[in-house]
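Single-structure report; data block below.
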Number of protein chains: 2
Amino acid sequence: MTIARTICLGFLAVISVGTLLLLLPFSTVEPGWGNFTTALFTSTSAVCVTGLIVVDTGSYYTFWGELFILCLIQIGGLGYMTTTTFLILLIGRKFDFREKLAIKESFDRPFLHGSQNLLKSVFATTIALETLGSITLFLVFQQDYDNQQSLWLAIFHSISAWNNAGFSLFADSLTRYQTSIPLNIIICILIIFGGIGYQVIIEFYLWLREKLDTSSKKEYRFSLNFRVVISTTIFLLLFGAIAFLVTEYNNLLAEFNFNEKVTLAVFQSVTTRTAGFNSIDLGAMTIASLFLTIGFMFVGGSPSGTAGGIKTTTVRILFESTKAVLQGKQDIVIYEREVPSSLILKAMAVVFGSTITVLVVTFSISFIHPNFNFINIFFEVVSAFATVGLSTGITADLSGSAQVLIILTMYIGRVGVLLFMSAILGDPRPSRIHYPEENLLIG
Amino acid sequence: MTIARTICLGFLAVISVGTLLLLLPFSTVEPGWGNFTTALFTSTSAVCVTGLIVVDTGSYYTFWGELFILCLIQIGGLGYMTTTTFLILLIGRKFDFREKLAIKESFDRPFLHGSQNLLKSVFATTIALETLGSITLFLVFQQDYDNQQSLWLAIFHSISAWNNAGFSLFADSLTRYQTSIPLNIIICILIIFGGIGYQVIIEFYLWLREKLDTSSKKEYRFSLNFRVVISTTIFLLLFGAIAFLVTEYNNLLAEFNFNEKVTLAVFQSVTTRTAGFNSIDLGAMTIASLFLTIGFMFVGGSPSGTAGGIKTTTVRILFESTKAVLQGKQDIVIYEREVPSSLILKAMAVVFGSTITVLVVTFSISFIHPNFNFINIFFEVVSAFATVGLSTGITADLSGSAQVLIILTMYIGRVGVLLFMSAILGDPRPSRIHYPEENLLIG
Ligand SMILES: [K+]
Ligand SMILES: [K+]
């Protein structure tokens, strides 16, 4: 079986088990067996770390149901992370021809040779940061809830934030803590580090180790991936915060003082690109902000993390290719490194595949629900595809068929549209025939 | 001056003269000098062959005003056509190094050496097809109007259709002839041939000449551009017609019999990608059809014609790159010809630049008009950018600043976002430094 099919079926298997668990009589508060579509939707949303909900998690599910959801989030987040992290670290350094062949062959196995240390460090980082998040969040929640409640709230929201899942036990997501500085800081740190990707975190470790090792004289060189992810992420975070502050200044943010306005705008910027918590009512947002949010959600986070969307690296390649064309260059050069042409092709494929997926689903749901506000449908579909989980509130009102479309969209968005397609199409058989070049008229 | 600046300033000059002409007291039915924004909007819309209107052309302007508009349409359509046709025919065949240098230098002059025959054939085709269109349309209009009226209506709509301008003298565009088979056929032929690009028409001539020349034994080989444009256009036309038929079957098309339904759907498919006439009320369209229309408008027509949008060739490259990635290939091969990597870069730049333009303008107008229906704003902006000219009817209700944004969007869409940017940035200075390759994680 190809690695694409292994990953796709693996996700499917976890979603199926999750659906069955959430159907169990003791999972839901209402006595008896749960509703099938609701269980499937919730399980998919948790495994795909999306966070879209058709029922309020805190009041619909019992402690057991919530625990199942938390496990699904952790498996979904970690499972995807581990797989993609291997691939990146493998691609990240240069290989000779024989090594490349070996890697290509081993692609047919889910676990790669010599990856045990890597796996361990991925697990260790996850557990360490989730524990740290739980302890600090406990101190925040303890001021409003009893110890037992606070502990469960802290663990749940810490794991949900680290995995960028966006599930909350509060009916209003994090709106009740919208102006709490400690909560905003803790959640934002968990979201950013969880969504930035493992390669980045591991490189940071390596850099720190070399920095602290006074005997070593050589300077650590960050990879192109690290630099692109860090710079693009910082730019998007700042740009998002400023844009939200400006567009909602006299609307959603009107009742807050300036410091609170900034806090809310920063949180919105951090959460929008993939996490999916909200601390303001998105249903009351202006159409300008909703449209802006759609754009940020579609961009999404960084590769090899828990984030969705077309990813920061893809957007950077789009931007750099435009710059290159305007400068009359034939190649894309970022930080004095040339981007291989195969990556440019892949970036185009990601953009095209993602756009087509979003367009087809948005069109279909618009067809099913002609009387819905169009922007709410568009928002919902992009949120599902980029596994963000923000909603203007229409999720529960969608018909059964529209909910199934959203389930499918979350799934395709999580495994990646190219991986999904290649799982269906099977192994490629590259052709070695060369054809003469010929020009086409573009633009 | 660079060719980019020449083209941009040329369009600006024509728009300015047009604005002044439309301000003249005898141009408008109302006595006195016209409204400046209205004149600027109409002039830009005509020169950019868009067709968006803030006033009803037939009742607001006198015969002189209408004549000025017609001249602006003809100059806008032909001016752009001739320039781009030269470039294509030059790029279309292979050049050796010296010829390439010569072309590069001559880019600084608006008219290229040895292009007189080409210019003549462009003019001849335009006049021949516009005359043919006028005569046939005259026979249609004569059944409802007197000879003088019919003649003016025929000439105006023939030129407007050939240049894909979308201006009409009827307040309801072509709705009153929605089920007239002759009118539908004539207008569709004019739109398709006007929008398919000159290179395609000239290649068709050359093929026909070789076909009729019985002494010649060699088979004519169509260029890659010809094949891509023809096949992509046919696919999009058929797909559009079927999609409109299905989505509007029980809404806008409900009152018509099946043959009429098909006629209206085909016309809508032909007109949507760039022409901008309408034979049904777009304000009453379902959100699914509006969204579909937005997609088709953004794709637009084919290069070197009067069409706007990102163009059929760009979309084809996006599609083929996705196919190549899924097949594990490193290059894009279409019809046994390899697409140069510089073109792939250019396609990405066109997609990115166009998307950013549409996003920024849509966001800005959403910010200015928070109470408008979002999809109507999105529709209007894409229509302006792709120089289509369809509207849900909000054009005249837009505030002054929003109208200025639409004017700017029509202009950027017409000259092309890359040309516009390079006119601002000036000549590129290509660097010859080579950097080592490094991978990035995509998707
Ligand atoms: K999420
Ligand atoms: K038009």
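Going through the structure tokens in order, the chains are called A, B, and so on, while each chain numbers its residues from 1 and the ligands are numbered from 1 in the order shown.
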
For Tyr335 of chain A, work out the shell of residues within 10 Å, counting only C-alpha atoms and skipping chain neighbours fewer than 4 positions away, then give it as a ChimeraX atom specification.
-> /A:223-224,227-228 /B:435

Let's have the selection written as a PDB file, in the first residue's frame, with all heavy atoms.
```pdb
ATOM      1  N   SER A 223      17.543  26.377   8.288  1.00  0.00           N
ATOM      2  CA  SER A 223      17.118  25.930   6.957  1.00  0.00           C
ATOM      3  C   SER A 223      16.233  26.988   6.305  1.00  0.00           C
ATOM      4  O   SER A 223      15.690  27.869   6.972  1.00  0.00           O
ATOM      5  CB  SER A 223      16.335  24.620   7.062  1.00  0.00           C
ATOM      6  OG  SER A 223      15.061  24.882   7.616  1.00  0.00           O
ATOM      7  N   LEU A 224      16.087  26.875   4.991  1.00  0.00           N
ATOM      8  CA  LEU A 224      15.218  27.784   4.253  1.00  0.00           C
ATOM      9  C   LEU A 224      13.791  27.693   4.779  1.00  0.00           C
ATOM     10  O   LEU A 224      13.102  28.703   4.953  1.00  0.00           O
ATOM     11  CB  LEU A 224      15.265  27.434   2.757  1.00  0.00           C
ATOM     12  CG  LEU A 224      14.410  28.293   1.839  1.00  0.00           C
ATOM     13  CD1 LEU A 224      14.831  29.739   1.898  1.00  0.00           C
ATOM     14  CD2 LEU A 224      14.502  27.782   0.403  1.00  0.00           C
ATOM     15  N   ARG A 227      13.393  29.706   7.995  1.00  0.00           N
ATOM     16  CA  ARG A 227      13.349  31.159   7.780  1.00  0.00           C
ATOM     17  C   ARG A 227      12.049  31.617   7.131  1.00  0.00           C
ATOM     18  O   ARG A 227      11.472  32.633   7.513  1.00  0.00           O
ATOM     19  CB  ARG A 227      14.507  31.574   6.876  1.00  0.00           C
ATOM     20  CG  ARG A 227      15.847  31.465   7.540  1.00  0.00           C
ATOM     21  CD  ARG A 227      16.927  31.364   6.493  1.00  0.00           C
ATOM     22  NE  ARG A 227      18.230  31.397   7.115  1.00  0.00           N
ATOM     23  CZ  ARG A 227      19.186  32.257   6.800  1.00  0.00           C
ATOM     24  NH1 ARG A 227      19.003  33.139   5.856  1.00  0.00           N
ATOM     25  NH2 ARG A 227      20.344  32.232   7.403  1.00  0.00           N
ATOM     26  N   VAL A 228      11.607  30.842   6.139  1.00  0.00           N
ATOM     27  CA  VAL A 228      10.378  31.220   5.440  1.00  0.00           C
ATOM     28  C   VAL A 228       9.186  31.134   6.381  1.00  0.00           C
ATOM     29  O   VAL A 228       8.350  32.047   6.436  1.00  0.00           O
ATOM     30  CB  VAL A 228      10.167  30.317   4.196  1.00  0.00           C
ATOM     31  CG1 VAL A 228       8.751  30.468   3.654  1.00  0.00           C
ATOM     32  CG2 VAL A 228      11.181  30.661   3.127  1.00  0.00           C
TER      33      VAL A 228
ATOM     34  N   TYR B 435      22.372  30.729  -6.985  1.00  0.00           N
ATOM     35  CA  TYR B 435      22.402  30.292  -5.606  1.00  0.00           C
ATOM     36  C   TYR B 435      22.134  28.795  -5.543  1.00  0.00           C
ATOM     37  O   TYR B 435      21.487  28.242  -6.431  1.00  0.00           O
ATOM     38  CB  TYR B 435      21.341  31.037  -4.795  1.00  0.00           C
ATOM     39  CG  TYR B 435      21.583  32.522  -4.727  1.00  0.00           C
ATOM     40  CD1 TYR B 435      20.914  33.395  -5.567  1.00  0.00           C
ATOM     41  CD2 TYR B 435      22.506  33.039  -3.818  1.00  0.00           C
ATOM     42  CE1 TYR B 435      21.145  34.769  -5.510  1.00  0.00           C
ATOM     43  CE2 TYR B 435      22.744  34.410  -3.766  1.00  0.00           C
ATOM     44  CZ  TYR B 435      22.064  35.263  -4.596  1.00  0.00           C
ATOM     45  OH  TYR B 435      22.298  36.603  -4.534  1.00  0.00           O
TER      46      TYR B 435
END
```

Env. residues ligand 2 / 12 Å / only C-alpha atoms and all ligand atoms / as a VMD selection string = chain B and resid 44 to 53 73 76 to 77 159 to 168 191 194 to 195 270 to 278 297 300 to 301 305 to 309 382 to 391 410 413 to 414

Looking at A:Ser134, A:Thr42, A:Thr322, A:Gln74, which one is nearest to chain B, with distances taken over only C-alpha atoms?
-> A:Thr322

All residues 9 Å or closer to segment 202-207 of chain B, only C-alpha atoms, same chain fewer than 6 positions away omitted, as an NGL selection string | :B and (121-122 or 219-223 or 226)

What's the 9 Å shell around Thr357 of chain A, counting only C-alpha atoms, without same-chain residues fewer than 2 positions away, as a ChimeraX atom specification?
-> /A:352-355,359-362,385,409,412-413,417

From segment 204-236 of chain A, collect each residue whose DSSP state is alpha helix (DSSP H) and return the set as a list of chain:residue names.
->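 Written out, the alpha helix (DSSP H) residues of segment 204-236 of chain A are A:Phe204, A:Tyr205, A:Leu206, A:Trp207, A:Leu208, A:Arg209, A:Glu210, A:Lys211, A:Leu212, A:Leu224, A:Asn225, A:Phe226, A:Arg227, A:Val228, A:Val229, A:Ile230, A:Ser231, A:Thr232, A:Thr233, A:Ile234, A:Phe235, A:Leu236.
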
Show which residues sit within 12 Å of Tyr249 of chain A, as a list in words. Count only C-alpha atoms, and ignore same-chain residues fewer than 6 positions away.
->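 Neighbouring residues, sequence-local ones excluded: Ala241, Ile242, Ala243, Glu255, Phe256, Asn257, Phe258, Glu260, Lys261, Val262, Leu264, Ala265, Met285, Thr286 and Ser289 of chain A; Phe367 of chain B.
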
Test item: residues at most 12 Å from Ile135 of chain A, only C-alpha atoms, excluding those fewer than 3 positions along its chain, as a list in words =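 My reading of the contact set: Ala128, Leu129, Glu130, Thr131, Leu132, Phe138, Leu139, Val140, Phe141, Gln142, Asn147, Ser150, Leu151, Trp152, Leu153, Ala154, Ile155, Phe156, His157, Ser158, Ile159, Leu183 and Ile186 of chain A.
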
Could you check how far atom CA of Asp281 of chain A sits from atom CA of Val266 of chain A, in Å to one decimal?
-> 15.3 Å

The residue from A:Lys346, A:Arg337, A:Arg209, A:Lys311 with the smallest atom-to-atom distance to Ala324 of chain B, counting only C-alpha atoms, is A:Lys346

Report as a list in words: the residues of segment 270-341 of chain A with a DSSP assignment of strand (DSSP E), based on the backbone of this structure.
-> Val333, Ile334, Arg337 and Glu338 of chain A

In Å, how far is it from atom CA of Ile310 of chain A to atom CA of Val351 of chain A?
->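 So the answer is 6.6 Å.
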
Using only C-alpha atoms: which of B:Phe372, B:Tyr411, B:Phe239, B:Tyr177 has the shortest distance to chain A |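 That would be B:Phe372, the residue with the smallest distance to chain A.
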
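If you look at atom CA of Gly240 of chain B and atom CA of Gly393 of chain B, they are 22.0 Å away from each other.
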
From B:Arg176, B:Lys323, B:Lys211, B:Arg5, residue lying nearest chain A [only C-alpha atoms] |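 Distance minimum relative to chain A lands on B:Lys323.
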
Best match for closeness to Thr313 of chain B among B:Ile332, B:Ala171, B:Val229, B:Leu245, counting only C-alpha atoms |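 Of B:Ile332, B:Ala171, B:Val229, B:Leu245, the one nearest Thr313 of chain B, counting only C-alpha atoms, is B:Val229.
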
Please identify all polymer residues within 9 Å of Ser321 of chain A, counting only C-alpha atoms, omitting same-chain residues fewer than 2 positions from it, and present them as JSON, numbers by chain.
-> {"A": [316, 317, 318, 319, 323, 324, 325, 326, 331, 332, 333, 344], "B": [345, 346, 348, 349, 352]}

A:Ser279, A:Ser231, A:Ser366, A:Ser59 ranked by distance to chain B, top pick (using only C-alpha atoms) | A:Ser366
